[in-house]
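Single-structure report; data block below.
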Amino acid sequence: MSTAGKVIKCKAAVLWEPHKPFSIEDIEVAPPKAHEVRIKMVATGVCRSDDHVVSGSMVSPFPVIVGHEGAGIVESVGEGVTSVKPGDKVIPLFSPQCGKCRVCKHPESNFCTKNDLKKPQGTLLDGTSRFTCKEKPIHNFLGTSTFSQYTVVDEIAVAKIDDASPLEKVCLIGCGFTTGYGSAVKVAKVTPGSTCAVFGLGGVGLSVIIGCKTAGAARIIAVDINKDKFAKAKQLGATECINPQDYNKPIEEVLQEMTDGGVDFSFEVIGRLDTMNSALVSCHAACGVSVIVGVPPNAKTLPVNPMLLLLGRTWKGAIFGGFKSKDAVPKLVADFMAKKFPLEPLITHVLPFEKINEGFDLLRAGKSIRTVLTF
Ligand code: COD
Ligand code: ZN
Ligand code: ZN
């Protein structure tokens, strides 16, 4: 029997307040309104930003259903939806693409003004949410809320992908993989034969390495204080791995000496101010490009000597790997299907959705690269 147009009762992981575990609840999901899409989730990754909501370091209205790295199948669509139809495989987009705002019309930029990331309202574009639980409205998260058996998203925040794609893998294209990979191929525009340094070898840093390798970098120097991360980094394309704790001088000096004055491209994928500075200084003073990928601590700033930029360095950053999401996600899935890059090495754990708290324990203990929850 079709569920279109009806309220769907299902399970979701609700966060009632910060610092508490996820609570699996029976919720109601209202039908999609005009220009909205209701999705049956099939798989979702566990990303650090979801945990930032739990810990309170990312501001979001409560109660909330988080999760933003998912993949699923369209259950029904609201009036006026043309880009997807029931039965389509899709990836929700936490960074949407309205196609009409100044940013969407800019040839290079991607951070659409219709995002719910900069000043989170916890709603869809119309200012409301489709979730209720125990008669209370439950907030959305980044317009995606993938920790639910069903979710509703705006049409500008969903991309149709290849019918044959394995959703329990390509869900990573919804956040972590794309953030890292795009930082190399789209934001830095890594060139063939170049030398790169990647600071931080979590799931996002490893995805930067995949991007550098795909772009044809000749040397990829992986930097981490945890040497247990080196084996996987090498497997994915790192040519050298270094631990700053093994040297009695700053790591930027080590990198400058190793690379005739500095690397061509450096990436900070940790989210620390000191390593953002090290990454900047380790790229060549006249022709280096340094990309900030990690999110810095709330409201913290970094003093910078302008001379670091005056000689010709470029310092930049981007959300979602600089990709215009609705255009790029189907292409990235097609590239994965064509074996242009792997996702499997990033997935260390697969758990049933009900074990979501276990997935977050693995993340907090540093035991997982990516955990995928399946519905
Ligand atoms: N020097 C070198 N390495 C270090 C240091 C240090 N001082 N401190 C920590 N590290 C290493 C750790 O050992 C670890 O291996 C790595 O850095 C960090 O890895 P993870 O697993 O903690 O992190 P990731 O890869 O999952 O993600 C980290 C980001 C910083 C990139 C994270 O903030 C993020 O996901 N940013 C995405 C930005 C974004 O677009 N957000 C919007 C939606 S998510
Ligand atoms: Zn994320
Ligand atoms: Zn836009």
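By order in the structure tokens, chains are A, B, ...; within a chain, residues start at 1; ligands start at 1, following the order shown.
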
Give the residue list for ligand 3 at 6 Å, counting only C-alpha atoms and all ligand atoms, as a PyMOL selection string, sorted by chain and then by residue number. chain A and resi 97-101+103-104+112-114

With only C-alpha atoms as the counted atoms, please give the residues lying no more than 8 Å from range 191-204 of chain A, apart from itself and same-chain residues fewer than 3 positions off, as a PDB file with all heavy atoms, in the first residue's frame.
```pdb
ATOM      1  N   GLY A 176      32.055  13.171   4.324  1.00  0.00           N
ATOM      2  CA  GLY A 176      33.488  13.029   4.615  1.00  0.00           C
ATOM      3  C   GLY A 176      34.379  12.832   3.410  1.00  0.00           C
ATOM      4  O   GLY A 176      35.390  13.533   3.248  1.00  0.00           O
ATOM      5  N   PHE A 177      34.033  11.898   2.545  1.00  0.00           N
ATOM      6  CA  PHE A 177      34.886  11.633   1.388  1.00  0.00           C
ATOM      7  C   PHE A 177      35.002  12.880   0.511  1.00  0.00           C
ATOM      8  O   PHE A 177      36.088  13.320   0.139  1.00  0.00           O
ATOM      9  CB  PHE A 177      34.361  10.449   0.553  1.00  0.00           C
ATOM     10  CG  PHE A 177      35.088  10.350  -0.751  1.00  0.00           C
ATOM     11  CD1 PHE A 177      36.367   9.828  -0.794  1.00  0.00           C
ATOM     12  CD2 PHE A 177      34.535  10.854  -1.917  1.00  0.00           C
ATOM     13  CE1 PHE A 177      37.094   9.808  -1.987  1.00  0.00           C
ATOM     14  CE2 PHE A 177      35.245  10.833  -3.115  1.00  0.00           C
ATOM     15  CZ  PHE A 177      36.525  10.294  -3.135  1.00  0.00           C
ATOM     16  N   THR A 179      34.405  16.008   1.118  1.00  0.00           N
ATOM     17  CA  THR A 179      35.081  17.134   1.765  1.00  0.00           C
ATOM     18  C   THR A 179      36.595  17.028   1.555  1.00  0.00           C
ATOM     19  O   THR A 179      37.263  17.999   1.196  1.00  0.00           O
ATOM     20  CB  THR A 179      34.729  17.147   3.265  1.00  0.00           C
ATOM     21  OG1 THR A 179      33.315  17.329   3.381  1.00  0.00           O
ATOM     22  CG2 THR A 179      35.455  18.249   4.013  1.00  0.00           C
ATOM     23  N   GLY A 180      37.152  15.837   1.770  1.00  0.00           N
ATOM     24  CA  GLY A 180      38.592  15.652   1.615  1.00  0.00           C
ATOM     25  C   GLY A 180      39.021  15.620   0.161  1.00  0.00           C
ATOM     26  O   GLY A 180      39.921  16.361  -0.263  1.00  0.00           O
ATOM     27  N   TYR A 181      38.363  14.796  -0.615  1.00  0.00           N
ATOM     28  CA  TYR A 181      38.714  14.600  -2.031  1.00  0.00           C
ATOM     29  C   TYR A 181      38.634  15.930  -2.799  1.00  0.00           C
ATOM     30  O   TYR A 181      39.544  16.305  -3.535  1.00  0.00           O
ATOM     31  CB  TYR A 181      37.752  13.574  -2.616  1.00  0.00           C
ATOM     32  CG  TYR A 181      37.975  13.189  -4.052  1.00  0.00           C
ATOM     33  CD1 TYR A 181      38.968  12.281  -4.398  1.00  0.00           C
ATOM     34  CD2 TYR A 181      37.161  13.694  -5.067  1.00  0.00           C
ATOM     35  CE1 TYR A 181      39.154  11.901  -5.728  1.00  0.00           C
ATOM     36  CE2 TYR A 181      37.333  13.322  -6.389  1.00  0.00           C
ATOM     37  CZ  TYR A 181      38.334  12.424  -6.711  1.00  0.00           C
ATOM     38  OH  TYR A 181      38.519  12.048  -8.015  1.00  0.00           O
ATOM     39  N   SER A 207      40.887  10.938   2.658  1.00  0.00           N
ATOM     40  CA  SER A 207      40.193  11.283   1.403  1.00  0.00           C
ATOM     41  C   SER A 207      40.956  12.362   0.646  1.00  0.00           C
ATOM     42  O   SER A 207      40.934  12.389  -0.594  1.00  0.00           O
ATOM     43  CB  SER A 207      38.763  11.749   1.692  1.00  0.00           C
ATOM     44  OG  SER A 207      38.051  10.734   2.375  1.00  0.00           O
ATOM     45  N   VAL A 208      41.643  13.255   1.378  1.00  0.00           N
ATOM     46  CA  VAL A 208      42.517  14.236   0.710  1.00  0.00           C
ATOM     47  C   VAL A 208      43.627  13.478  -0.029  1.00  0.00           C
ATOM     48  O   VAL A 208      43.945  13.779  -1.185  1.00  0.00           O
ATOM     49  CB  VAL A 208      43.125  15.234   1.722  1.00  0.00           C
ATOM     50  CG1 VAL A 208      44.159  16.130   1.026  1.00  0.00           C
ATOM     51  CG2 VAL A 208      42.057  16.085   2.382  1.00  0.00           C
ATOM     52  N   ILE A 209      44.194  12.475   0.650  1.00  0.00           N
ATOM     53  CA  ILE A 209      45.267  11.681   0.018  1.00  0.00           C
ATOM     54  C   ILE A 209      44.748  11.013  -1.264  1.00  0.00           C
ATOM     55  O   ILE A 209      45.413  11.028  -2.304  1.00  0.00           O
ATOM     56  CB  ILE A 209      45.822  10.634   1.012  1.00  0.00           C
ATOM     57  CG1 ILE A 209      46.577  11.356   2.137  1.00  0.00           C
ATOM     58  CG2 ILE A 209      46.713   9.608   0.298  1.00  0.00           C
ATOM     59  CD1 ILE A 209      47.182  10.454   3.188  1.00  0.00           C
ATOM     60  N   CYS A 212      44.704  13.682  -3.876  1.00  0.00           N
ATOM     61  CA  CYS A 212      46.046  14.051  -4.352  1.00  0.00           C
ATOM     62  C   CYS A 212      46.554  12.991  -5.325  1.00  0.00           C
ATOM     63  O   CYS A 212      47.138  13.302  -6.371  1.00  0.00           O
ATOM     64  CB  CYS A 212      47.024  14.181  -3.180  1.00  0.00           C
ATOM     65  SG  CYS A 212      46.656  15.538  -2.067  1.00  0.00           S
ATOM     66  N   ALA A 215      44.804  13.107  -8.624  1.00  0.00           N
ATOM     67  CA  ALA A 215      45.235  14.272  -9.407  1.00  0.00           C
ATOM     68  C   ALA A 215      46.656  14.105  -9.943  1.00  0.00           C
ATOM     69  O   ALA A 215      47.148  14.978 -10.652  1.00  0.00           O
ATOM     70  CB  ALA A 215      45.132  15.534  -8.553  1.00  0.00           C
ATOM     71  N   GLY A 216      47.334  13.028  -9.552  1.00  0.00           N
ATOM     72  CA  GLY A 216      48.659  12.750 -10.123  1.00  0.00           C
ATOM     73  C   GLY A 216      49.834  13.313  -9.342  1.00  0.00           C
ATOM     74  O   GLY A 216      50.935  13.455  -9.897  1.00  0.00           O
ATOM     75  N   ALA A 217      49.639  13.648  -8.057  1.00  0.00           N
ATOM     76  CA  ALA A 217      50.766  14.145  -7.249  1.00  0.00           C
ATOM     77  C   ALA A 217      51.885  13.105  -7.241  1.00  0.00           C
ATOM     78  O   ALA A 217      51.631  11.899  -7.181  1.00  0.00           O
ATOM     79  CB  ALA A 217      50.295  14.427  -5.821  1.00  0.00           C
ATOM     80  N   ALA A 218      53.134  13.583  -7.286  1.00  0.00           N
ATOM     81  CA  ALA A 218      54.278  12.655  -7.298  1.00  0.00           C
ATOM     82  C   ALA A 218      54.669  12.275  -5.873  1.00  0.00           C
ATOM     83  O   ALA A 218      55.061  11.138  -5.602  1.00  0.00           O
ATOM     84  CB  ALA A 218      55.457  13.290  -8.012  1.00  0.00           C
ATOM     85  N   ARG A 219      54.587  13.254  -4.948  1.00  0.00           N
ATOM     86  CA  ARG A 219      54.912  12.982  -3.544  1.00  0.00           C
ATOM     87  C   ARG A 219      53.738  13.409  -2.679  1.00  0.00           C
ATOM     88  O   ARG A 219      53.224  14.521  -2.830  1.00  0.00           O
ATOM     89  CB  ARG A 219      56.153  13.767  -3.105  1.00  0.00           C
ATOM     90  CG  ARG A 219      57.450  13.216  -3.623  1.00  0.00           C
ATOM     91  CD  ARG A 219      58.602  14.097  -3.180  1.00  0.00           C
ATOM     92  NE  ARG A 219      59.023  13.877  -1.791  1.00  0.00           N
ATOM     93  CZ  ARG A 219      59.925  14.631  -1.160  1.00  0.00           C
ATOM     94  NH1 ARG A 219      60.481  15.663  -1.765  1.00  0.00           N
ATOM     95  NH2 ARG A 219      60.268  14.345   0.087  1.00  0.00           N
ATOM     96  N   ILE A 220      53.332  12.515  -1.786  1.00  0.00           N
ATOM     97  CA  ILE A 220      52.260  12.842  -0.834  1.00  0.00           C
ATOM     98  C   ILE A 220      52.817  12.530   0.549  1.00  0.00           C
ATOM     99  O   ILE A 220      53.037  11.361   0.892  1.00  0.00           O
ATOM    100  CB  ILE A 220      50.979  12.036  -1.118  1.00  0.00           C
ATOM    101  CG1 ILE A 220      50.497  12.253  -2.559  1.00  0.00           C
ATOM    102  CG2 ILE A 220      49.885  12.409  -0.106  1.00  0.00           C
ATOM    103  CD1 ILE A 220      49.361  11.325  -3.000  1.00  0.00           C
ATOM    104  N   ILE A 221      53.088  13.593   1.321  1.00  0.00           N
ATOM    105  CA  ILE A 221      53.686  13.413   2.646  1.00  0.00           C
ATOM    106  C   ILE A 221      52.574  13.490   3.687  1.00  0.00           C
ATOM    107  O   ILE A 221      51.892  14.517   3.805  1.00  0.00           O
ATOM    108  CB  ILE A 221      54.768  14.477   2.911  1.00  0.00           C
ATOM    109  CG1 ILE A 221      55.774  14.485   1.744  1.00  0.00           C
ATOM    110  CG2 ILE A 221      55.462  14.209   4.249  1.00  0.00           C
ATOM    111  CD1 ILE A 221      56.771  15.644   1.785  1.00  0.00           C
ATOM    112  N   ALA A 222      52.362  12.384   4.400  1.00  0.00           N
ATOM    113  CA  ALA A 222      51.288  12.315   5.401  1.00  0.00           C
ATOM    114  C   ALA A 222      51.869  12.662   6.765  1.00  0.00           C
ATOM    115  O   ALA A 222      52.933  12.173   7.140  1.00  0.00           O
ATOM    116  CB  ALA A 222      50.691  10.919   5.404  1.00  0.00           C
ATOM    117  N   VAL A 223      51.161  13.532   7.513  1.00  0.00           N
ATOM    118  CA  VAL A 223      51.648  14.012   8.809  1.00  0.00           C
ATOM    119  C   VAL A 223      50.608  13.688   9.878  1.00  0.00           C
ATOM    120  O   VAL A 223      49.441  14.070   9.750  1.00  0.00           O
ATOM    121  CB  VAL A 223      51.869  15.553   8.775  1.00  0.00           C
ATOM    122  CG1 VAL A 223      52.464  16.038  10.097  1.00  0.00           C
ATOM    123  CG2 VAL A 223      52.724  15.967   7.592  1.00  0.00           C
ATOM    124  N   ASP A 224      51.040  12.966  10.920  1.00  0.00           N
ATOM    125  CA  ASP A 224      50.116  12.671  12.029  1.00  0.00           C
ATOM    126  C   ASP A 224      50.930  12.339  13.269  1.00  0.00           C
ATOM    127  O   ASP A 224      52.057  11.843  13.158  1.00  0.00           O
ATOM    128  CB  ASP A 224      49.183  11.490  11.666  1.00  0.00           C
ATOM    129  CG  ASP A 224      47.887  11.497  12.488  1.00  0.00           C
ATOM    130  OD1 ASP A 224      47.955  11.355  13.720  1.00  0.00           O
ATOM    131  OD2 ASP A 224      46.806  11.649  11.897  1.00  0.00           O
ATOM    132  N   LYS A 229      48.248   5.444  12.120  1.00  0.00           N
ATOM    133  CA  LYS A 229      47.487   5.911  10.951  1.00  0.00           C
ATOM    134  C   LYS A 229      48.282   5.753   9.644  1.00  0.00           C
ATOM    135  O   LYS A 229      47.733   5.929   8.558  1.00  0.00           O
ATOM    136  CB  LYS A 229      47.146   7.395  11.121  1.00  0.00           C
ATOM    137  CG  LYS A 229      46.389   7.726  12.385  1.00  0.00           C
ATOM    138  CD  LYS A 229      44.922   7.487  12.199  1.00  0.00           C
ATOM    139  CE  LYS A 229      44.138   7.809  13.453  1.00  0.00           C
ATOM    140  NZ  LYS A 229      42.736   7.969  13.207  1.00  0.00           N
ATOM    141  N   PHE A 230      49.577   5.445   9.762  1.00  0.00           N
ATOM    142  CA  PHE A 230      50.444   5.495   8.579  1.00  0.00           C
ATOM    143  C   PHE A 230      50.183   4.368   7.565  1.00  0.00           C
ATOM    144  O   PHE A 230      50.292   4.587   6.359  1.00  0.00           O
ATOM    145  CB  PHE A 230      51.919   5.496   8.998  1.00  0.00           C
ATOM    146  CG  PHE A 230      52.347   6.764   9.729  1.00  0.00           C
ATOM    147  CD1 PHE A 230      53.548   6.805  10.434  1.00  0.00           C
ATOM    148  CD2 PHE A 230      51.557   7.902   9.704  1.00  0.00           C
ATOM    149  CE1 PHE A 230      53.944   7.971  11.096  1.00  0.00           C
ATOM    150  CE2 PHE A 230      51.936   9.067  10.374  1.00  0.00           C
ATOM    151  CZ  PHE A 230      53.140   9.099  11.068  1.00  0.00           C
ATOM    152  N   ALA A 233      47.349   5.239   5.317  1.00  0.00           N
ATOM    153  CA  ALA A 233      47.722   6.397   4.484  1.00  0.00           C
ATOM    154  C   ALA A 233      48.588   5.918   3.308  1.00  0.00           C
ATOM    155  O   ALA A 233      48.390   6.347   2.167  1.00  0.00           O
ATOM    156  CB  ALA A 233      48.468   7.428   5.325  1.00  0.00           C
ATOM    157  N   THR A 259      61.610  19.279   0.899  1.00  0.00           N
ATOM    158  CA  THR A 259      60.945  19.568  -0.386  1.00  0.00           C
ATOM    159  C   THR A 259      61.489  20.810  -1.100  1.00  0.00           C
ATOM    160  O   THR A 259      60.739  21.485  -1.812  1.00  0.00           O
ATOM    161  CB  THR A 259      59.415  19.732  -0.163  1.00  0.00           C
ATOM    162  OG1 THR A 259      59.217  20.830   0.749  1.00  0.00           O
ATOM    163  CG2 THR A 259      58.779  18.492   0.405  1.00  0.00           C
ATOM    164  N   VAL A 263      56.288  22.498   0.182  1.00  0.00           N
ATOM    165  CA  VAL A 263      55.453  21.687  -0.718  1.00  0.00           C
ATOM    166  C   VAL A 263      54.651  22.597  -1.655  1.00  0.00           C
ATOM    167  O   VAL A 263      54.514  23.802  -1.404  1.00  0.00           O
ATOM    168  CB  VAL A 263      54.480  20.757   0.081  1.00  0.00           C
ATOM    169  CG1 VAL A 263      55.267  19.783   0.940  1.00  0.00           C
ATOM    170  CG2 VAL A 263      53.510  21.576   0.932  1.00  0.00           C
ATOM    171  N   ASP A 264      54.118  22.017  -2.720  1.00  0.00           N
ATOM    172  CA  ASP A 264      53.242  22.780  -3.616  1.00  0.00           C
ATOM    173  C   ASP A 264      51.863  22.982  -2.987  1.00  0.00           C
ATOM    174  O   ASP A 264      51.254  24.041  -3.120  1.00  0.00           O
ATOM    175  CB  ASP A 264      53.076  22.027  -4.953  1.00  0.00           C
ATOM    176  CG  ASP A 264      54.389  21.864  -5.687  1.00  0.00           C
ATOM    177  OD1 ASP A 264      55.011  22.885  -6.006  1.00  0.00           O
ATOM    178  OD2 ASP A 264      54.815  20.703  -5.897  1.00  0.00           O
ATOM    179  N   PHE A 265      51.377  21.919  -2.317  1.00  0.00           N
ATOM    180  CA  PHE A 265      50.020  21.975  -1.747  1.00  0.00           C
ATOM    181  C   PHE A 265      50.034  21.387  -0.336  1.00  0.00           C
ATOM    182  O   PHE A 265      50.547  20.274  -0.145  1.00  0.00           O
ATOM    183  CB  PHE A 265      49.035  21.168  -2.609  1.00  0.00           C
ATOM    184  CG  PHE A 265      48.977  21.619  -4.040  1.00  0.00           C
ATOM    185  CD1 PHE A 265      49.695  20.959  -5.027  1.00  0.00           C
ATOM    186  CD2 PHE A 265      48.210  22.719  -4.399  1.00  0.00           C
ATOM    187  CE1 PHE A 265      49.655  21.372  -6.347  1.00  0.00           C
ATOM    188  CE2 PHE A 265      48.167  23.145  -5.724  1.00  0.00           C
ATOM    189  CZ  PHE A 265      48.889  22.470  -6.700  1.00  0.00           C
ATOM    190  N   SER A 266      49.483  22.115   0.638  1.00  0.00           N
ATOM    191  CA  SER A 266      49.357  21.544   1.984  1.00  0.00           C
ATOM    192  C   SER A 266      47.902  21.629   2.430  1.00  0.00           C
ATOM    193  O   SER A 266      47.143  22.501   1.984  1.00  0.00           O
ATOM    194  CB  SER A 266      50.273  22.278   2.967  1.00  0.00           C
ATOM    195  OG  SER A 266      49.850  23.616   3.131  1.00  0.00           O
ATOM    196  N   PHE A 267      47.530  20.693   3.307  1.00  0.00           N
ATOM    197  CA  PHE A 267      46.132  20.582   3.753  1.00  0.00           C
ATOM    198  C   PHE A 267      46.100  20.402   5.262  1.00  0.00           C
ATOM    199  O   PHE A 267      46.795  19.516   5.786  1.00  0.00           O
ATOM    200  CB  PHE A 267      45.467  19.350   3.104  1.00  0.00           C
ATOM    201  CG  PHE A 267      45.480  19.399   1.609  1.00  0.00           C
ATOM    202  CD1 PHE A 267      46.586  18.914   0.902  1.00  0.00           C
ATOM    203  CD2 PHE A 267      44.423  19.942   0.898  1.00  0.00           C
ATOM    204  CE1 PHE A 267      46.621  18.967  -0.478  1.00  0.00           C
ATOM    205  CE2 PHE A 267      44.450  20.003  -0.495  1.00  0.00           C
ATOM    206  CZ  PHE A 267      45.556  19.513  -1.184  1.00  0.00           C
ATOM    207  N   GLU A 268      45.307  21.196   5.963  1.00  0.00           N
ATOM    208  CA  GLU A 268      45.116  21.009   7.394  1.00  0.00           C
ATOM    209  C   GLU A 268      43.786  20.296   7.584  1.00  0.00           C
ATOM    210  O   GLU A 268      42.726  20.853   7.252  1.00  0.00           O
ATOM    211  CB  GLU A 268      45.111  22.352   8.129  1.00  0.00           C
ATOM    212  CG  GLU A 268      45.445  22.228   9.600  1.00  0.00           C
ATOM    213  CD  GLU A 268      44.314  21.740  10.498  1.00  0.00           C
ATOM    214  OE1 GLU A 268      43.156  21.619  10.035  1.00  0.00           O
ATOM    215  OE2 GLU A 268      44.568  21.501  11.687  1.00  0.00           O
ATOM    216  N   VAL A 269      43.849  19.067   8.078  1.00  0.00           N
ATOM    217  CA  VAL A 269      42.627  18.248   8.184  1.00  0.00           C
ATOM    218  C   VAL A 269      42.500  17.731   9.622  1.00  0.00           C
ATOM    219  O   VAL A 269      42.199  16.561   9.865  1.00  0.00           O
ATOM    220  CB  VAL A 269      42.649  17.088   7.162  1.00  0.00           C
ATOM    221  CG1 VAL A 269      41.211  16.692   6.793  1.00  0.00           C
ATOM    222  CG2 VAL A 269      43.410  17.444   5.903  1.00  0.00           C
ATOM    223  N   ILE A 270      42.788  18.647  10.568  1.00  0.00           N
ATOM    224  CA  ILE A 270      42.716  18.294  11.989  1.00  0.00           C
ATOM    225  C   ILE A 270      41.736  19.216  12.722  1.00  0.00           C
ATOM    226  O   ILE A 270      40.953  18.766  13.549  1.00  0.00           O
ATOM    227  CB  ILE A 270      44.128  18.407  12.639  1.00  0.00           C
ATOM    228  CG1 ILE A 270      45.141  17.558  11.867  1.00  0.00           C
ATOM    229  CG2 ILE A 270      44.075  17.974  14.114  1.00  0.00           C
ATOM    230  CD1 ILE A 270      46.588  17.907  12.179  1.00  0.00           C
ATOM    231  N   THR A 275      48.322  23.686  13.850  1.00  0.00           N
ATOM    232  CA  THR A 275      48.613  22.921  12.629  1.00  0.00           C
ATOM    233  C   THR A 275      48.162  23.676  11.367  1.00  0.00           C
ATOM    234  O   THR A 275      48.715  23.462  10.289  1.00  0.00           O
ATOM    235  CB  THR A 275      47.986  21.512  12.700  1.00  0.00           C
ATOM    236  OG1 THR A 275      46.655  21.621  13.195  1.00  0.00           O
ATOM    237  CG2 THR A 275      48.792  20.597  13.618  1.00  0.00           C
ATOM    238  N   ALA A 279      50.801  24.107   8.481  1.00  0.00           N
ATOM    239  CA  ALA A 279      50.472  23.731   7.101  1.00  0.00           C
ATOM    240  C   ALA A 279      50.739  24.913   6.168  1.00  0.00           C
ATOM    241  O   ALA A 279      51.316  24.758   5.091  1.00  0.00           O
ATOM    242  CB  ALA A 279      49.025  23.270   6.997  1.00  0.00           C
ATOM    243  N   LEU A 346      37.884   3.384   3.704  1.00  0.00           N
ATOM    244  CA  LEU A 346      37.477   4.367   4.719  1.00  0.00           C
ATOM    245  C   LEU A 346      36.457   3.785   5.690  1.00  0.00           C
ATOM    246  O   LEU A 346      36.244   4.303   6.777  1.00  0.00           O
ATOM    247  CB  LEU A 346      36.869   5.601   4.041  1.00  0.00           C
ATOM    248  CG  LEU A 346      37.751   6.322   3.016  1.00  0.00           C
ATOM    249  CD1 LEU A 346      36.952   7.417   2.308  1.00  0.00           C
ATOM    250  CD2 LEU A 346      38.959   6.940   3.716  1.00  0.00           C
ATOM    251  N   ILE A 369      37.517   4.708  11.371  1.00  0.00           N
ATOM    252  CA  ILE A 369      37.693   5.797  10.414  1.00  0.00           C
ATOM    253  C   ILE A 369      36.270   6.268  10.093  1.00  0.00           C
ATOM    254  O   ILE A 369      35.864   7.336  10.483  1.00  0.00           O
ATOM    255  CB  ILE A 369      38.480   5.346   9.167  1.00  0.00           C
ATOM    256  CG1 ILE A 369      39.903   4.974   9.597  1.00  0.00           C
ATOM    257  CG2 ILE A 369      38.516   6.476   8.136  1.00  0.00           C
ATOM    258  CD1 ILE A 369      40.747   4.416   8.507  1.00  0.00           C
ATOM    259  N   ARG A 370      35.500   5.425   9.429  1.00  0.00           N
ATOM    260  CA  ARG A 370      34.080   5.720   9.263  1.00  0.00           C
ATOM    261  C   ARG A 370      33.262   4.501   9.687  1.00  0.00           C
ATOM    262  O   ARG A 370      33.582   3.374   9.298  1.00  0.00           O
ATOM    263  CB  ARG A 370      33.742   6.031   7.802  1.00  0.00           C
ATOM    264  CG  ARG A 370      33.796   7.498   7.425  1.00  0.00           C
ATOM    265  CD  ARG A 370      32.919   8.340   8.311  1.00  0.00           C
ATOM    266  NE  ARG A 370      32.580   9.632   7.767  1.00  0.00           N
ATOM    267  CZ  ARG A 370      33.066  10.808   8.202  1.00  0.00           C
ATOM    268  NH1 ARG A 370      33.950  10.867   9.168  1.00  0.00           N
ATOM    269  NH2 ARG A 370      32.640  11.945   7.663  1.00  0.00           N
TER     270      ARG A 370
END
```

Write down as number ranges by chain the residues of range 27-202 of chain A whose backbone DSSP state falls under strand (DSSP E or B). A: 27-29, 36-45, 64, 70-77, 89-92, 131-133, 136-139, 148, 150-154, 158-160, 195-199

I need the helix (DSSP H, G or I) residues of range 267-374 of chain A per DSSP on the backbone, written as a PyMOL selection string. chain A and resi 273-282+307-310+320-322+325-337+344-346+353-364

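The contact shell of ligand 2, defined as all polymer residues within 8 Å when only C-alpha atoms and all ligand atoms are used, comprises Val46, Cys47, Arg48, Ser49, Asp50, His68, Glu69, Gly174, Cys175 and Gly176 of chain A.
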
Quick one: everything within 12 Å of Ala299 in chain A, counting only C-alpha atoms, minus sequence neighbours fewer than 6 positions away in the same chain. Send it as a JSON list (two decimals) with N, CA, C and O atoms, in the first residue's frame.
```json
[["chain", "number", "residue", "atom", "x", "y", "z"],
["A", 57, "SER", "N", 29.55, 21.62, 20.91],
["A", 57, "SER", "CA", 30.49, 22.53, 20.25],
["A", 57, "SER", "C", 29.98, 23.00, 18.89],
["A", 57, "SER", "O", 30.55, 23.90, 18.29],
["A", 58, "MET", "N", 28.92, 22.38, 18.39],
["A", 58, "MET", "CA", 28.24, 22.91, 17.21],
["A", 58, "MET", "C", 26.81, 23.25, 17.64],
["A", 58, "MET", "O", 26.11, 22.40, 18.18],
["A", 273, "LEU", "N", 44.51, 25.31, 15.43],
["A", 273, "LEU", "CA", 45.14, 26.54, 14.95],
["A", 273, "LEU", "C", 46.64, 26.35, 14.71],
["A", 273, "LEU", "O", 47.18, 26.86, 13.73]]
```

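Once range 16-33 of chain A and its same-chain neighbours fewer than 6 positions away are set aside, Gly5, Lys6, Val7, Ile8, Lys9, Cys10, Val54, Ser55, Gly56, Pro63, Gly78, Arg130, Phe131, Thr132 and Cys133 of chain A remain within 6 Å of it when counting only C-alpha atoms.
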
Next, write the just-selected residues to a file, as a tab-separated table (two decimals), in the first residue's frame, keeping N, CA and C atoms as the atom set.
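Listing of again-v3.tsv after writing:
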```
chain	number	residue	atom	x	y	z
A	5	GLY	N	1.59	10.78	0.62
A	5	GLY	CA	0.54	11.67	1.13
A	5	GLY	C	0.13	11.38	2.57
A	6	LYS	N	0.67	10.31	3.15
A	6	LYS	CA	0.30	9.95	4.53
A	6	LYS	C	1.45	10.23	5.50
A	7	VAL	N	1.10	10.34	6.78
A	7	VAL	CA	2.13	10.43	7.82
A	7	VAL	C	2.74	9.03	7.96
A	8	ILE	N	4.08	8.97	8.04
A	8	ILE	CA	4.76	7.68	8.23
A	8	ILE	C	5.24	7.59	9.68
A	9	LYS	N	4.91	6.47	10.34
A	9	LYS	CA	5.45	6.23	11.69
A	9	LYS	C	6.67	5.35	11.54
A	10	CYS	N	7.79	5.76	12.14
A	10	CYS	CA	9.02	4.98	12.00
A	10	CYS	C	9.95	5.25	13.18
A	54	VAL	N	26.22	16.72	19.76
A	54	VAL	CA	26.06	16.04	21.06
A	54	VAL	C	26.87	16.78	22.12
A	55	SER	N	28.11	17.14	21.77
A	55	SER	CA	29.00	17.76	22.77
A	55	SER	C	28.71	19.24	22.97
A	56	GLY	N	27.88	19.83	22.11
A	56	GLY	CA	27.53	21.24	22.25
A	56	GLY	C	28.50	22.17	21.54
A	63	PRO	N	14.95	19.62	20.72
A	63	PRO	CA	15.44	18.30	20.35
A	63	PRO	C	15.68	18.21	18.84
A	78	GLY	N	6.80	16.04	-3.10
A	78	GLY	CA	5.76	17.07	-3.03
A	78	GLY	C	5.53	17.69	-4.40
A	130	ARG	N	9.38	18.38	9.53
A	130	ARG	CA	8.32	17.37	9.27
A	130	ARG	C	8.29	16.30	10.36
A	131	PHE	N	9.15	16.41	11.38
A	131	PHE	CA	9.23	15.37	12.42
A	131	PHE	C	8.45	15.76	13.68
A	132	THR	N	7.72	14.77	14.23
A	132	THR	CA	7.18	14.94	15.59
A	132	THR	C	7.44	13.66	16.37
A	133	CYS	N	7.57	13.81	17.69
A	133	CYS	CA	7.74	12.66	18.58
A	133	CYS	C	7.09	13.00	19.90
```

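Minimum atom-to-atom distances from A:Lys355, A:Arg38, A:Lys227, A:Lys89 to ligand 1 were compared using only C-alpha atoms and all ligand atoms, and the lowest value belongs to A:Lys227.
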